[in-house]
Amino acid sequence: MKIHKIQHTIRDVSQAVDARLRERAAMEEISLNQAALQAIERGLGLAGHPTIRYRSLRSILQKPEDVDQASWTEALSQMDQVNPEDWK
């Protein structure tokens, strides 16, 4: 029994998307078409790929003006520091 596959044409692909798809295809040694299909499947949460969900901290803040900006900035700056011991 022949499996019918649907063909699509995608237009107006940005240079950034094109570059990333080509990079992934080369890295995984697959065709550009396969890289694009995998990216679509991942984005839709199909074929064993979990759906990508983006989170924001805004929902847990009652009022942004209640946030201690100095503490928040300090916490973020600590996250940006690299421990050289982690790279040995």
# chains A, B, ... in the order shown; residues from 1 in each chain; ligands from 1
$ residues_around --residues "Leu32 (chain A)" --least-positions-apart "3" --cutoff "12 Å" --atoms "only C-alpha atoms" --output "MDAnalysis selection string"
chainID A and resid 17:29 35:39
$ write_last_selection --atoms "C-alpha atoms" --output "mmCIF file, in the first residue's frame"
data_model
loop_
_atom_site.group_PDB
_atom_site.id
_atom_site.type_symbol
_atom_site.label_atom_id
_atom_site.label_comp_id
_atom_site.auth_asym_id
_atom_site.auth_seq_id
_atom_site.Cartn_x
_atom_site.Cartn_y
_atom_site.Cartn_z
ATOM 1 C CA VAL A 17 15.787 30.599 9.717
ATOM 2 C CA ASP A 18 17.493 29.486 6.505
ATOM 3 C CA ALA A 19 20.926 29.686 8.138
ATOM 4 C CA ARG A 20 19.801 27.752 11.217
ATOM 5 C CA LEU A 21 18.146 25.023 9.126
ATOM 6 C CA ARG A 22 21.234 24.674 6.942
ATOM 7 C CA GLU A 23 23.455 24.562 10.026
ATOM 8 C CA ARG A 24 21.356 21.809 11.602
ATOM 9 C CA ALA A 25 21.182 19.835 8.357
ATOM 10 C CA ALA A 26 24.958 19.961 7.980
ATOM 11 C CA MET A 27 25.582 19.152 11.641
ATOM 12 C CA GLU A 28 23.246 16.135 11.598
ATOM 13 C CA GLU A 29 24.202 15.142 8.034
ATOM 14 C CA ALA A 35 15.894 19.427 8.952
ATOM 15 C CA ALA A 36 12.870 21.599 8.138
ATOM 16 C CA LEU A 37 10.433 18.739 8.805
ATOM 17 C CA GLN A 38 12.090 17.963 12.142
ATOM 18 C CA ALA A 39 11.936 21.637 13.140
#
$ select_by_dssp --residues "chain A" --states "alpha helix (DSSP H)" --output "PyMOL selection string"
chain A and resi 15-28+32-44+69-79
$ write_last_selection --atoms "N, CA and C atoms" --output "CSV table (one decimal), in the first residue's frame"
chain,number,residue,atom,x,y,z
A,15,GLN,N,16.4,34.9,6.5
A,15,GLN,CA,17.8,34.5,6.4
A,15,GLN,C,18.3,33.8,7.7
A,16,ALA,N,17.8,34.2,8.8
A,16,ALA,CA,18.2,33.6,10.1
A,16,ALA,C,17.6,32.1,10.1
A,17,VAL,N,16.4,31.9,9.7
A,17,VAL,CA,15.8,30.6,9.7
A,17,VAL,C,16.5,29.7,8.7
A,18,ASP,N,16.8,30.2,7.5
A,18,ASP,CA,17.5,29.5,6.5
A,18,ASP,C,18.9,29.1,7.0
A,19,ALA,N,19.6,30.0,7.6
A,19,ALA,CA,20.9,29.7,8.1
A,19,ALA,C,20.9,28.6,9.2
A,20,ARG,N,19.9,28.7,10.1
A,20,ARG,CA,19.8,27.8,11.2
A,20,ARG,C,19.4,26.4,10.7
A,21,LEU,N,18.5,26.3,9.7
A,21,LEU,CA,18.1,25.0,9.1
A,21,LEU,C,19.3,24.4,8.4
A,22,ARG,N,20.1,25.2,7.7
A,22,ARG,CA,21.2,24.7,6.9
A,22,ARG,C,22.3,24.2,7.9
A,23,GLU,N,22.5,24.9,9.0
A,23,GLU,CA,23.5,24.6,10.0
A,23,GLU,C,23.1,23.2,10.6
A,24,ARG,N,21.8,23.1,11.0
A,24,ARG,CA,21.4,21.8,11.6
A,24,ARG,C,21.5,20.6,10.6
A,25,ALA,N,21.1,20.9,9.4
A,25,ALA,CA,21.2,19.8,8.4
A,25,ALA,C,22.6,19.4,8.2
A,26,ALA,N,23.5,20.3,8.1
A,26,ALA,CA,25.0,20.0,8.0
A,26,ALA,C,25.5,19.2,9.2
A,27,MET,N,25.1,19.7,10.4
A,27,MET,CA,25.6,19.2,11.6
A,27,MET,C,25.1,17.7,11.8
A,28,GLU,N,23.8,17.5,11.4
A,28,GLU,CA,23.2,16.1,11.6
A,28,GLU,C,23.4,15.3,10.3
A,32,LEU,N,18.2,19.3,3.9
A,32,LEU,CA,17.6,20.5,4.3
A,32,LEU,C,16.1,20.2,4.5
A,33,ASN,N,15.5,19.4,3.7
A,33,ASN,CA,14.1,19.1,3.8
A,33,ASN,C,13.8,18.4,5.2
A,34,GLN,N,14.7,17.4,5.5
A,34,GLN,CA,14.6,16.6,6.7
A,34,GLN,C,14.7,17.6,7.9
A,35,ALA,N,15.7,18.5,7.8
A,35,ALA,CA,15.9,19.4,9.0
A,35,ALA,C,14.7,20.3,9.2
A,36,ALA,N,14.1,20.8,8.0
A,36,ALA,CA,12.9,21.6,8.1
A,36,ALA,C,11.7,20.8,8.7
A,37,LEU,N,11.5,19.6,8.3
A,37,LEU,CA,10.4,18.7,8.8
A,37,LEU,C,10.6,18.5,10.3
A,38,GLN,N,11.8,18.2,10.7
A,38,GLN,CA,12.1,18.0,12.1
A,38,GLN,C,11.8,19.2,13.0
A,39,ALA,N,12.2,20.4,12.4
A,39,ALA,CA,11.9,21.6,13.1
A,39,ALA,C,10.4,21.9,13.3
A,40,ILE,N,9.7,21.6,12.2
A,40,ILE,CA,8.2,21.8,12.3
A,40,ILE,C,7.6,20.8,13.3
A,41,GLU,N,8.1,19.5,13.3
A,41,GLU,CA,7.6,18.5,14.2
A,41,GLU,C,7.9,18.9,15.7
A,42,ARG,N,9.1,19.4,15.9
A,42,ARG,CA,9.4,19.9,17.3
A,42,ARG,C,8.6,21.0,17.7
A,43,GLY,N,8.4,22.0,16.8
A,43,GLY,CA,7.6,23.1,17.1
A,43,GLY,C,6.1,22.8,17.4
A,44,LEU,N,5.6,21.7,16.8
A,44,LEU,CA,4.2,21.3,17.0
A,44,LEU,C,4.1,20.3,18.0
A,69,GLN,N,14.6,46.1,42.6
A,69,GLN,CA,15.4,46.1,41.4
A,69,GLN,C,16.9,45.8,41.7
A,70,ALA,N,17.4,46.3,42.8
A,70,ALA,CA,18.8,46.0,43.1
A,70,ALA,C,19.0,44.6,43.4
A,71,SER,N,18.1,43.9,44.1
A,71,SER,CA,18.3,42.5,44.4
A,71,SER,C,18.2,41.7,43.1
A,72,TRP,N,17.2,42.1,42.3
A,72,TRP,CA,17.0,41.4,41.0
A,72,TRP,C,18.2,41.5,40.1
A,73,THR,N,18.8,42.7,40.0
A,73,THR,CA,19.9,42.9,39.2
A,73,THR,C,21.1,42.1,39.7
A,74,GLU,N,21.3,42.0,41.0
A,74,GLU,CA,22.4,41.3,41.6
A,74,GLU,C,22.2,39.8,41.3
A,75,ALA,N,21.0,39.3,41.5
A,75,ALA,CA,20.8,37.8,41.2
A,75,ALA,C,21.1,37.5,39.8
A,76,LEU,N,20.7,38.4,38.8
A,76,LEU,CA,20.9,38.1,37.4
A,76,LEU,C,22.4,38.2,37.1
A,77,SER,N,23.1,39.1,37.7
A,77,SER,CA,24.6,39.3,37.5
A,77,SER,C,25.3,38.0,38.0
A,78,GLN,N,24.9,37.5,39.1
A,78,GLN,CA,25.5,36.3,39.6
A,78,GLN,C,25.3,35.1,38.7
A,79,MET,N,24.2,35.0,38.0
A,79,MET,CA,23.9,34.0,37.0
A,79,MET,C,24.8,34.1,35.8
